[in-house]
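Asks: Please find start.cif (mmCIF, C-alpha atoms) on the next line:
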```cif
data_start
loop_
_atom_site.group_PDB
_atom_site.id
_atom_site.type_symbol
_atom_site.label_atom_id
_atom_site.label_comp_id
_atom_site.auth_asym_id
_atom_site.auth_seq_id
_atom_site.Cartn_x
_atom_site.Cartn_y
_atom_site.Cartn_z
ATOM 1 C CA SER N 489 18.751 -59.764 -44.894
ATOM 2 C CA VAL N 490 15.863 -57.319 -45.162
ATOM 3 C CA HIS N 491 13.690 -59.632 -43.040
ATOM 4 C CA ASP N 492 16.283 -59.827 -40.263
ATOM 5 C CA GLY N 493 16.684 -56.034 -40.320
ATOM 6 C CA SER N 494 12.940 -55.552 -39.939
ATOM 7 C CA GLN N 495 12.865 -57.933 -36.993
ATOM 8 C CA GLY N 496 15.752 -56.072 -35.337
ATOM 9 C CA ALA N 497 14.041 -52.727 -35.768
ATOM 10 C CA ALA N 498 10.796 -54.147 -34.338
ATOM 11 C CA LYS N 499 12.633 -55.553 -31.314
ATOM 12 C CA ALA N 500 14.337 -52.202 -30.727
ATOM 13 C CA SER N 501 10.974 -50.422 -30.904
ATOM 14 C CA ILE N 502 9.505 -52.863 -28.391
ATOM 15 C CA VAL N 503 12.455 -52.307 -26.025
ATOM 16 C CA ASP N 504 12.054 -48.538 -26.304
ATOM 17 C CA MET N 505 8.336 -48.855 -25.640
ATOM 18 C CA VAL N 506 8.927 -50.990 -22.537
ATOM 19 C CA ARG N 507 11.507 -48.531 -21.243
ATOM 20 C CA GLY N 508 9.049 -45.706 -21.812
ATOM 21 C CA LEU N 509 6.305 -47.529 -19.929
ATOM 22 C CA ILE N 510 8.704 -48.186 -17.067
ATOM 23 C CA CYS N 511 9.611 -44.504 -16.909
ATOM 24 C CA ILE N 512 5.952 -43.496 -16.971
ATOM 25 C CA GLY N 513 5.233 -45.968 -14.215
ATOM 26 C CA MET N 514 8.068 -44.649 -12.101
ATOM 27 C CA LEU N 515 6.866 -41.098 -12.610
ATOM 28 C CA GLN N 516 3.358 -42.101 -11.569
ATOM 29 C CA VAL N 517 4.694 -43.748 -8.410
ATOM 30 C CA ILE N 518 6.769 -40.647 -7.587
ATOM 31 C CA ALA N 519 3.762 -38.421 -8.194
ATOM 32 C CA GLN N 520 1.480 -40.563 -6.034
ATOM 33 C CA ARG N 521 3.890 -41.203 -3.174
ATOM 34 C CA VAL N 522 5.954 -38.017 -3.060
ATOM 35 C CA VAL N 523 4.562 -35.051 -4.963
ATOM 36 C CA MET N 524 0.842 -35.334 -4.222
ATOM 37 C CA PRO N 525 1.212 -35.859 -0.459
ATOM 38 C CA MET N 526 3.453 -32.801 -0.290
ATOM 39 C CA VAL N 527 1.060 -30.673 -2.309
ATOM 40 C CA LEU N 528 -2.000 -31.869 -0.423
ATOM 41 C CA SER N 529 -0.410 -31.482 3.003
ATOM 42 C CA PRO N 530 -1.287 -28.279 4.907
ATOM 43 C CA ARG N 531 2.290 -27.095 4.515
ATOM 44 C CA GLY N 532 2.315 -27.886 0.809
ATOM 45 C CA LEU N 533 -0.990 -26.170 0.212
ATOM 46 C CA ARG N 534 0.198 -23.080 2.075
ATOM 47 C CA HIS N 535 3.361 -23.013 -0.025
ATOM 48 C CA TYR N 536 1.556 -23.217 -3.349
ATOM 49 C CA ALA N 537 -1.109 -20.771 -2.197
ATOM 50 C CA THR N 538 1.651 -18.339 -1.235
ATOM 51 C CA VAL N 539 3.308 -18.690 -4.631
ATOM 52 C CA ALA N 540 -0.005 -18.233 -6.417
ATOM 53 C CA MET N 541 -1.017 -15.224 -4.333
ATOM 54 C CA ALA N 542 2.324 -13.421 -4.175
ATOM 55 C CA GLY N 543 1.672 -11.346 -7.260
ATOM 56 C CA SER N 544 -1.779 -10.273 -6.115
ATOM 57 C CA ASN N 545 -0.487 -9.468 -2.604
ATOM 58 C CA PHE N 546 2.052 -7.032 -4.013
ATOM 59 C CA HIS N 547 -0.664 -5.507 -6.175
ATOM 60 C CA LEU N 548 -3.060 -5.150 -3.241
ATOM 61 C CA ALA N 549 -0.391 -3.456 -1.123
ATOM 62 C CA GLN N 550 -0.065 -0.758 -3.797
ATOM 63 C CA ASP N 551 -0.993 -0.206 -7.395
ATOM 64 C CA SER N 552 2.109 0.526 -9.467
ATOM 65 C CA ASN N 553 -0.144 1.989 -12.144
ATOM 66 C CA GLU N 554 -1.944 4.545 -9.950
ATOM 67 C CA LEU N 555 -1.378 8.080 -11.201
ATOM 68 C CA PHE N 556 0.355 10.935 -9.349
ATOM 69 C CA ASP N 557 0.562 14.620 -10.176
ATOM 70 C CA LEU N 558 4.124 15.940 -10.386
ATOM 71 C CA TYR N 559 5.426 19.011 -8.572
ATOM 72 C CA LEU N 560 8.223 21.555 -8.764
ATOM 73 C CA THR N 561 11.638 20.563 -7.480
ATOM 74 C CA PRO N 562 12.575 22.443 -4.253
ATOM 75 C CA PRO N 563 14.489 25.664 -4.955
ATOM 76 C CA ASP N 564 17.779 24.277 -3.614
ATOM 77 C CA LYS N 565 19.221 20.781 -3.242
ATOM 78 C CA GLU N 566 19.872 21.526 0.444
ATOM 79 C CA LEU N 567 16.109 21.827 0.840
ATOM 80 C CA HIS N 568 15.361 18.254 -0.293
ATOM 81 C CA ASN N 569 14.836 17.243 3.353
ATOM 82 C CA ALA N 570 13.474 20.380 4.982
ATOM 83 C CA VAL N 571 10.388 22.136 6.305
ATOM 84 C CA VAL N 572 8.595 24.190 3.661
ATOM 85 C CA THR N 573 8.344 27.790 4.892
ATOM 86 C CA PRO N 574 6.830 31.018 3.507
ATOM 87 C CA ALA N 575 10.372 32.097 2.603
ATOM 88 C CA TRP N 576 10.299 29.538 -0.204
ATOM 89 C CA GLY N 577 7.779 31.708 -2.053
ATOM 90 C CA MET N 578 4.222 31.289 -3.296
ATOM 91 C CA GLU N 579 5.170 28.509 -5.726
ATOM 92 C CA PHE N 580 5.825 26.187 -2.773
ATOM 93 C CA ASN N 581 3.053 27.265 -0.389
ATOM 94 C CA PRO N 582 1.455 24.961 -1.319
ATOM 95 C CA PRO N 583 3.802 23.239 -3.815
ATOM 96 C CA LYS N 584 2.917 24.046 -7.407
ATOM 97 C CA ARG N 585 1.834 21.254 -9.702
ATOM 98 C CA ILE N 586 3.818 20.853 -12.915
ATOM 99 C CA ASP N 587 1.720 21.274 -16.041
ATOM 100 C CA ARG N 588 2.270 17.724 -17.239
ATOM 101 C CA SER N 589 0.174 14.609 -17.504
ATOM 102 C CA PRO N 590 -0.010 12.477 -14.317
ATOM 103 C CA LYS N 591 2.576 9.708 -14.084
ATOM 104 C CA GLU N 592 2.369 6.107 -12.902
ATOM 105 C CA ARG N 593 3.540 5.339 -9.367
ATOM 106 C CA GLY N 594 6.153 2.817 -10.438
ATOM 107 C CA LEU N 595 7.724 5.286 -12.880
ATOM 108 C CA VAL N 596 7.604 8.125 -10.339
ATOM 109 C CA HIS N 597 9.569 6.075 -7.805
ATOM 110 C CA ARG N 598 11.955 4.904 -10.493
ATOM 111 C CA ASP N 599 12.680 8.382 -11.853
ATOM 112 C CA GLY N 600 12.645 10.325 -8.575
ATOM 113 C CA ASP N 601 9.873 12.738 -9.551
ATOM 114 C CA TRP N 602 8.519 15.037 -6.835
ATOM 115 C CA HIS N 603 4.990 14.098 -5.777
ATOM 116 C CA ARG N 604 2.772 14.516 -2.694
ATOM 117 C CA SER N 605 1.845 12.331 0.259
ATOM 118 C CA VAL N 606 0.180 12.637 3.661
ATOM 119 C CA HIS N 607 1.317 11.434 7.083
ATOM 120 C CA VAL N 608 -1.253 11.209 9.868
ATOM 121 C CA TRP N 609 0.043 10.574 13.393
ATOM 122 C CA LEU N 610 -2.458 9.397 16.000
ATOM 123 C CA ALA N 611 -1.549 9.958 19.646
ATOM 124 C CA GLN N 612 -3.102 10.041 23.117
ATOM 125 C CA THR N 613 -2.134 11.795 26.330
ATOM 126 C CA THR N 614 -3.156 10.422 29.725
ATOM 127 C CA ASN N 615 -2.512 11.389 33.337
ATOM 128 C CA GLY N 616 -0.402 8.842 35.170
ATOM 129 C CA ASP N 617 0.885 8.592 38.714
ATOM 130 C CA ARG N 618 1.296 11.876 40.620
ATOM 131 C CA GLY N 619 -0.431 13.731 37.799
ATOM 132 C CA LYS N 620 2.369 13.101 35.315
ATOM 133 C CA THR N 621 1.156 13.262 31.729
ATOM 134 C CA SER N 622 2.264 10.564 29.311
ATOM 135 C CA CYS N 623 1.914 10.462 25.534
ATOM 136 C CA LYS N 624 1.582 7.322 23.420
ATOM 137 C CA VAL N 625 1.808 7.244 19.642
ATOM 138 C CA LEU N 626 0.260 4.653 17.328
ATOM 139 C CA LEU N 627 2.665 3.156 14.786
ATOM 140 C CA GLN N 628 1.926 0.859 11.906
ATOM 141 C CA ARG N 629 4.131 -1.999 10.746
ATOM 142 C CA ARG N 630 4.440 -1.680 6.975
ATOM 143 C CA SER N 631 3.455 -4.651 4.866
ATOM 144 C CA PRO N 632 6.201 -6.923 3.468
ATOM 145 C CA TYR N 633 4.628 -6.307 0.055
ATOM 146 C CA LYS N 634 5.297 -2.541 0.047
ATOM 147 C CA ASP N 635 7.458 -1.090 -2.724
ATOM 148 C CA THR N 636 9.295 1.171 -0.247
ATOM 149 C CA HIS N 637 10.471 0.355 3.297
ATOM 150 C CA PRO N 638 8.697 -3.014 3.697
ATOM 151 C CA ASN N 639 8.350 -4.433 7.249
ATOM 152 C CA LEU N 640 9.425 -1.217 9.022
ATOM 153 C CA LEU N 641 7.537 0.719 11.694
ATOM 154 C CA ASP N 642 6.045 3.927 10.336
ATOM 155 C CA VAL N 643 3.581 6.757 10.877
ATOM 156 C CA SER N 644 0.086 5.727 12.095
ATOM 157 C CA CYS N 645 -1.302 5.995 8.561
ATOM 158 C CA ALA N 646 -0.043 7.487 5.343
ATOM 159 C CA GLY N 647 -0.708 7.565 1.644
ATOM 160 C CA HIS N 648 0.167 9.132 -1.671
ATOM 161 C CA VAL N 649 -2.016 11.873 -3.078
ATOM 162 C CA ASP N 650 -3.602 10.591 -6.267
ATOM 163 C CA ALA N 651 -3.796 12.792 -9.343
ATOM 164 C CA GLY N 652 -6.537 15.370 -8.913
ATOM 165 C CA SER N 653 -6.906 14.847 -5.143
ATOM 166 C CA ASP N 654 -5.855 17.118 -2.280
ATOM 167 C CA THR N 655 -4.008 16.318 0.937
ATOM 168 C CA VAL N 656 -6.905 16.725 3.396
ATOM 169 C CA GLU N 657 -9.157 14.509 1.296
ATOM 170 C CA THR N 658 -6.391 11.908 1.063
ATOM 171 C CA ALA N 659 -5.593 11.994 4.798
ATOM 172 C CA THR N 660 -9.274 11.608 5.725
ATOM 173 C CA ARG N 661 -9.589 8.621 3.392
ATOM 174 C CA GLU N 662 -6.384 6.978 4.630
ATOM 175 C CA LEU N 663 -7.644 7.079 8.222
ATOM 176 C CA GLN N 664 -10.520 4.863 7.152
ATOM 177 C CA GLU N 665 -8.522 2.608 4.832
ATOM 178 C CA GLU N 666 -5.497 1.899 7.032
ATOM 179 C CA LEU N 667 -6.967 2.176 10.551
ATOM 180 C CA GLY N 668 -10.722 1.722 10.265
ATOM 181 C CA GLY N 669 -11.207 -1.671 8.678
ATOM 182 C CA ASN N 670 -13.352 -2.680 11.655
ATOM 183 C CA GLY N 671 -15.367 0.565 11.663
ATOM 184 C CA ILE N 672 -13.649 2.224 14.632
ATOM 185 C CA MET N 673 -12.791 5.330 12.589
ATOM 186 C CA GLN N 674 -16.308 5.782 11.221
ATOM 187 C CA ASP N 675 -17.425 9.421 11.715
ATOM 188 C CA ARG N 676 -14.610 9.995 14.222
ATOM 189 C CA TYR N 677 -12.634 12.657 12.362
ATOM 190 C CA GLU N 678 -14.129 14.945 9.750
ATOM 191 C CA ALA N 679 -12.150 16.642 7.002
ATOM 192 C CA GLU N 680 -12.122 19.882 8.991
ATOM 193 C CA ASP N 681 -10.620 18.074 12.007
ATOM 194 C CA VAL N 682 -7.842 16.823 9.765
ATOM 195 C CA ARG N 683 -7.297 20.269 8.239
ATOM 196 C CA ARG N 684 -6.884 21.899 11.673
ATOM 197 C CA SER N 685 -4.459 19.173 12.787
ATOM 198 C CA LYS N 686 -1.809 19.968 10.190
ATOM 199 C CA VAL N 687 1.685 20.279 11.643
ATOM 200 C CA CYS N 688 3.728 21.206 8.581
ATOM 201 C CA THR N 689 4.765 20.324 5.054
ATOM 202 C CA VAL N 690 8.213 18.781 4.684
ATOM 203 C CA THR N 691 10.250 17.625 1.729
ATOM 204 C CA SER N 692 11.696 14.132 1.730
ATOM 205 C CA SER N 693 14.195 12.541 -0.628
ATOM 206 C CA ILE N 694 14.974 8.912 0.230
ATOM 207 C CA GLN N 695 16.476 6.177 -1.905
ATOM 208 C CA GLY N 696 16.632 2.464 -1.285
ATOM 209 C CA GLN N 697 16.032 -0.958 -2.787
ATOM 210 C CA THR N 698 13.600 -3.853 -2.343
ATOM 211 C CA GLU N 699 13.930 -7.413 -3.605
ATOM 212 C CA LYS N 700 10.649 -7.270 -5.519
ATOM 213 C CA PHE N 701 10.713 -3.747 -6.971
ATOM 214 C CA GLY N 702 14.434 -2.972 -7.178
ATOM 215 C CA ARG N 703 15.853 0.498 -6.603
ATOM 216 C CA PHE N 704 13.635 3.445 -5.766
ATOM 217 C CA LEU N 705 14.097 7.186 -5.307
ATOM 218 C CA CYS N 706 11.107 8.547 -3.430
ATOM 219 C CA ARG N 707 10.863 12.360 -3.451
ATOM 220 C CA GLU N 708 7.823 13.793 -1.742
ATOM 221 C CA TYR N 709 6.179 16.867 -0.344
ATOM 222 C CA GLN N 710 4.693 15.377 2.820
ATOM 223 C CA ASP N 711 1.815 17.071 4.638
ATOM 224 C CA VAL N 712 2.121 15.995 8.279
ATOM 225 C CA PHE N 713 -0.924 15.859 10.575
ATOM 226 C CA LEU N 714 -1.298 15.002 14.271
ATOM 227 C CA LEU N 715 -4.680 13.891 15.600
ATOM 228 C CA TRP N 716 -5.349 13.327 19.299
ATOM 229 C CA TRP N 717 -7.303 10.294 20.500
ATOM 230 C CA PRO N 718 -9.678 11.054 23.417
ATOM 231 C CA SER N 719 -7.867 10.524 26.722
ATOM 232 C CA ASP N 720 -10.887 8.817 28.295
ATOM 233 C CA GLU N 721 -11.145 6.131 25.582
ATOM 234 C CA ALA N 722 -9.212 2.891 25.138
ATOM 235 C CA PHE N 723 -6.182 3.306 22.886
ATOM 236 C CA ALA N 724 -4.579 -0.013 21.984
ATOM 237 C CA PRO N 725 -3.060 -1.565 18.827
ATOM 238 C CA GLY N 726 -5.757 -4.247 18.656
ATOM 239 C CA LEU N 727 -8.471 -1.646 18.158
ATOM 240 C CA PHE N 728 -7.268 -0.809 14.664
ATOM 241 C CA SER N 729 -7.181 -2.769 11.432
ATOM 242 C CA PRO N 730 -6.727 -1.979 7.727
ATOM 243 C CA GLN N 731 -9.456 -2.493 5.147
ATOM 244 C CA THR N 732 -6.922 -4.387 3.008
ATOM 245 C CA GLU N 733 -4.711 -6.747 5.012
ATOM 246 C CA GLU N 734 -1.881 -6.549 2.477
ATOM 247 C CA GLU N 735 -1.389 -2.828 3.186
ATOM 248 C CA VAL N 736 -0.476 -3.016 6.882
ATOM 249 C CA SER N 737 1.049 -5.867 8.909
ATOM 250 C CA GLY N 738 0.005 -4.615 12.341
ATOM 251 C CA PHE N 739 0.137 -1.810 14.905
ATOM 252 C CA GLU N 740 2.180 -0.900 17.976
ATOM 253 C CA LEU N 741 2.084 1.800 20.654
ATOM 254 C CA MET N 742 5.239 3.652 21.615
ATOM 255 C CA ALA N 743 5.914 6.427 24.110
ATOM 256 C CA ALA N 744 6.434 9.748 22.314
ATOM 257 C CA GLU N 745 9.840 10.264 23.956
ATOM 258 C CA GLU N 746 10.985 6.807 22.865
ATOM 259 C CA LEU N 747 9.749 7.354 19.316
ATOM 260 C CA VAL N 748 11.583 10.660 18.948
ATOM 261 C CA ALA N 749 14.756 9.188 20.456
ATOM 262 C CA LYS N 750 14.683 6.219 18.078
ATOM 263 C CA LEU N 751 14.082 8.426 15.054
ATOM 264 C CA ARG N 752 16.994 10.667 16.043
ATOM 265 C CA SER N 753 19.301 7.680 16.504
ATOM 266 C CA GLY N 754 18.381 6.236 13.104
ATOM 267 C CA ASP N 755 16.838 3.071 14.555
ATOM 268 C CA LYS N 756 16.793 0.473 11.759
ATOM 269 C CA ASP N 757 13.293 -0.716 12.699
ATOM 270 C CA LEU N 758 11.741 2.643 11.766
ATOM 271 C CA VAL N 759 11.330 4.355 8.411
ATOM 272 C CA PRO N 760 14.027 7.084 8.460
ATOM 273 C CA ARG N 761 12.986 10.715 8.818
ATOM 274 C CA SER N 762 14.987 13.903 8.346
ATOM 275 C CA ILE N 763 16.191 16.088 11.211
ATOM 276 C CA ALA N 764 13.688 18.739 10.131
ATOM 277 C CA TYR N 765 10.788 16.261 10.177
ATOM 278 C CA ILE N 766 11.758 14.875 13.600
ATOM 279 C CA GLY N 767 12.030 18.378 15.025
ATOM 280 C CA GLU N 768 8.526 19.360 13.895
ATOM 281 C CA LEU N 769 7.021 16.069 15.108
ATOM 282 C CA SER N 770 8.805 16.399 18.453
ATOM 283 C CA ARG N 771 7.399 19.886 19.032
ATOM 284 C CA ALA N 772 3.887 18.803 18.063
ATOM 285 C CA LEU N 773 4.036 15.845 20.493
ATOM 286 C CA GLY N 774 5.391 18.035 23.289
ATOM 287 C CA VAL N 775 8.679 16.166 23.558
ATOM 288 C CA GLU N 776 11.592 18.259 24.845
ATOM 289 C CA GLN N 777 14.188 19.071 22.193
#
```
Would you encode the structure as structure tokens?
Replies:
Amino acid sequence: SVHDGSQGAAKASIVDMVRGLICIGMLQVIAQRVVMPMVLSPRGLRHYATVAMAGSNFHLAQDSNELFDLYLTPPDKELHNAVVTPAWGMEFNPPKRIDRSPKERGLVHRDGDWHRSVHVWLAQTTNGDRGKTSCKVLLQRRSPYKDTHPNLLDVSCAGHVDAGSDTVETATRELQEELGGNGIMQDRYEAEDVRRSKVCTVTSSIQGQTEKFGRFLCREYQDVFLLWWPSDEAFAPGLFSPQTEEEVSGFELMAAEELVAKLRSGDKDLVPRSIAYIGELSRALGVEQ
């Protein structure tokens, strides 16, 4: 009958409601006894903080939207990893900017456009036993959040040249940003000191891939500088720190001879450099060829 059907439907609704309440109760128990303790534990909090901050860490390590000027392609493909010399002509001494609008960093590395960067090496010579001179070089450990060569040992400090900037201005700024977070670089090197320390300009064409950013083709004109730390002052990794922690993981000292040897052997812990680059750096550091 209609009455019996209504009663059956009501009973079914009640059963469904009870089942729902049971499920809700079970979920509440799971949340209280399992999920919340995990989240509120130090390990859980660190995990969720890491997840929440990951995006901002990558952004702090570099800004994919920063703008770079674009430059002429080297006159020959064989010169994509070479020292720029006067023989290249006036258009490459210094490299000529292309008359185009600046381009975003992420697109530049995606498309392999030629742009400019600076490399500043910081080194110190000291007299050891029996008057033997030794040379130590400061290396930085690249941040895991970098879009190229994360976690590898690299030049003391480096940076891309933003649109409208020049290399000396950029190098002077990078010394403060990547090494002088604690103030140790304040008023230590002026722009003219940096200008006089220039070793060379080299071209570099390197491709690779990172988990976060995918494939990259980084093509640069790199102005290389070498600054000498006073021999009578302390020179240790712990003296230096970046202004933004996400940019640099840490610092190490390495003997100049060991550095050059590792670069020549293609040591996987170092950002790779061309034969031309290594040769110029070796001569500047006084390491025998």
Asks: When you count only C-alpha atoms, which of these residues is closest to Cys688 of chain N: N:His607, N:Arg761, N:Arg630, N:Arg676?
Replies: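 So, comparing all the options, the nearest one is N:His607.
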Asks: Determine the nearest neighbour of Val608 of chain N from the options N:Ser644, N:Thr658, N:Thr689, N:Ser770, counting only C-alpha atoms.
Replies: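 For Val608 of chain N, the nearest of the candidates is N:Ser644.
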Asks: Residues of segment 681-758 of chain N that approach segment 568-579 of chain N to 10 Å or less, counting only C-alpha atoms: could you list each one with the shortest pair of atoms and its distance in Å to one decimal, rows by chain and increasing residue number, as CSV?
Replies:
```
residue,atom,partner,partner_atom,distance
N:Cys688,CA,N:Val571,CA,7.1
N:Thr689,CA,N:Val572,CA,5.6
N:Val690,CA,N:Val571,CA,4.3
N:Thr691,CA,N:Asn569,CA,4.9
N:Ser692,CA,N:Asn569,CA,4.7
N:Ser693,CA,N:His568,CA,5.8
N:Ile694,CA,N:Asn569,CA,8.9
N:Arg707,CA,N:His568,CA,8.1
N:Glu708,CA,N:His568,CA,8.9
N:Tyr709,CA,N:Val572,CA,8.7
N:Gln710,CA,N:Val571,CA,9.5
N:Asp711,CA,N:Val572,CA,9.9
```
Asks: Please produce a file of the residues just selected, as a compact mmCIF listing (two decimals), in the coordinates of the input, where the atoms kept are C-alpha atoms.
Replies:
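Printed below is selection35.txt as written:
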```txt
# COMPACT_ATOMS: atom_id res chain seq x y z
CA CYS N 688 3.73 21.21 8.58
CA THR N 689 4.76 20.32 5.05
CA VAL N 690 8.21 18.78 4.68
CA THR N 691 10.25 17.62 1.73
CA SER N 692 11.70 14.13 1.73
CA SER N 693 14.20 12.54 -0.63
CA ILE N 694 14.97 8.91 0.23
CA ARG N 707 10.86 12.36 -3.45
CA GLU N 708 7.82 13.79 -1.74
CA TYR N 709 6.18 16.87 -0.34
CA GLN N 710 4.69 15.38 2.82
CA ASP N 711 1.82 17.07 4.64
```
Asks: Using only C-alpha atoms, which residues of segment 584-608 of chain N come within 6 Å of segment 558-561 of chain N, and what is the closest atom pair for each, with the distance in Å to one decimal? Give it as a tab-separated table, sorted by chain and residue number.
Replies:
```
residue	atom	partner	partner_atom	distance
N:Lys584	CA	N:Tyr559	CA	5.7
N:Arg585	CA	N:Tyr559	CA	4.4
N:Ile586	CA	N:Tyr559	CA	5.0
N:Trp602	CA	N:Tyr559	CA	5.3
N:His603	CA	N:Leu558	CA	5.0
```
Asks: In Å, rounded to a single decimal, give me how far atom CA of Asn553 of chain N is from atom CA of Asp599 of chain N.
Replies: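 Between these atoms lies a distance of 14.3 Å.
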Asks: Of the candidates N:Asp642, N:Glu665, N:Glu745, N:Asp650, which shows the shortest atom-to-atom distance to Leu627 of chain N, using all atoms listed in the file?
Replies: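 Closest residue, counting all atoms listed in the file: N:Asp642.
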Asks: What gap, in Å, lies between atom CA of Leu714 of chain N and atom CA of Ala772 of chain N?
Replies: 7.5 Å
Asks: Rounded to one decimal place, report the atom CA of Pro638 of chain N-atom CA of Pro725 of chain N distance in Å.
Replies: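 One can read the atom CA of Pro638 of chain N to atom CA of Pro725 of chain N distance as 19.2 Å.
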Asks: Of the residues N:Lys624, N:Arg629, N:Lys750, N:Arg593, which is the one nearest to Ile766 of chain N, using only C-alpha atoms?
Replies: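 Ranked by minimum distance to Ile766 of chain N, first place goes to N:Lys750.
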Asks: Would you give the centre and edge lengths, in Å to one decimal, of a box along x, y and z around the listed atoms of segment 755-771 of chain N, with 3 Å added to each side, as lines of an AutoDock Vina configuration file?
Replies:
```
center_x = 11.9
center_y = 9.6
center_z = 13.7
size_x = 15.8
size_y = 26.6
size_z = 16.7
```
Asks: Residue by residue, what does the PyMOL selection byres ((chain N and resi 660) around 8) grab here? Present the result as a PyMOL selection string.
Replies: chain N and resi 656-659+661-664+677-679+682
Asks: Could you list, as JSON, numbers by chain, every residue matched by the PyMOL selection byres ((chain N and resi 733) around 10) in this structure?
Replies: {"N": [545, 548, 549, 631, 666, 669, 729, 730, 731, 732, 734, 735, 736, 737, 738]}
Asks: Please produce an output containing C-alpha atoms for each residue in the selection, written as a short mmCIF file (atom, residue, chain, number, x, y, z; two decimals), in the frame of the given file.
Replies:
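Wrote result_35.cif, looks like this:
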```cif
data_model
loop_
_atom_site.label_atom_id
_atom_site.label_comp_id
_atom_site.auth_asym_id
_atom_site.auth_seq_id
_atom_site.Cartn_x
_atom_site.Cartn_y
_atom_site.Cartn_z
CA ASN N 545 -0.49 -9.47 -2.60
CA LEU N 548 -3.06 -5.15 -3.24
CA ALA N 549 -0.39 -3.46 -1.12
CA SER N 631 3.46 -4.65 4.87
CA GLU N 666 -5.50 1.90 7.03
CA GLY N 669 -11.21 -1.67 8.68
CA SER N 729 -7.18 -2.77 11.43
CA PRO N 730 -6.73 -1.98 7.73
CA GLN N 731 -9.46 -2.49 5.15
CA THR N 732 -6.92 -4.39 3.01
CA GLU N 734 -1.88 -6.55 2.48
CA GLU N 735 -1.39 -2.83 3.19
CA VAL N 736 -0.48 -3.02 6.88
CA SER N 737 1.05 -5.87 8.91
CA GLY N 738 0.00 -4.62 12.34
#
```
Asks: Looking at N:Leu610, N:Met673, N:Asp757, N:Val643, which one is nearest to Ser685 of chain N, with distances taken over all atoms listed in the file?
Replies: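 Among N:Leu610, N:Met673, N:Asp757, N:Val643, it is N:Leu610 that comes nearest to Ser685 of chain N.
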Asks: Of the candidates N:Asp681, N:Asp601, N:Glu699, N:Glu566, which one gets nearest to Pro632 of chain N if we count only C-alpha atoms?
Replies: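 With only C-alpha atoms as the atom set, the closest residue is N:Glu699.
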Asks: Fewer than 3 positions away in the same chain doesn't count, so skip those; otherwise give me all residues within 8 Å of Phe723 of chain N, counting all atoms listed in the file, as a PyMOL selection string.
Replies: chain N and resi 612+717+727
Asks: The PyMOL selection byres ((chain N and resi 652) around 9) on the file shown: which residues, as a list in words?
Replies: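 Output from the PyMOL selection byres ((chain N and resi 652) around 9), applied to this file: Phe556, Asp557, Pro590, Val649, Asp650, Ala651, Ser653 and Asp654 of chain N.
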Asks: Tell me, as a VMD selection string, which residues lie within 9 Å of Ala744 of chain N, counting only C-alpha atoms; anything in the same chain fewer than 4 positions away does not count.
Replies: chain N and resid 611 622 to 625 748 to 749 770 773 to 775
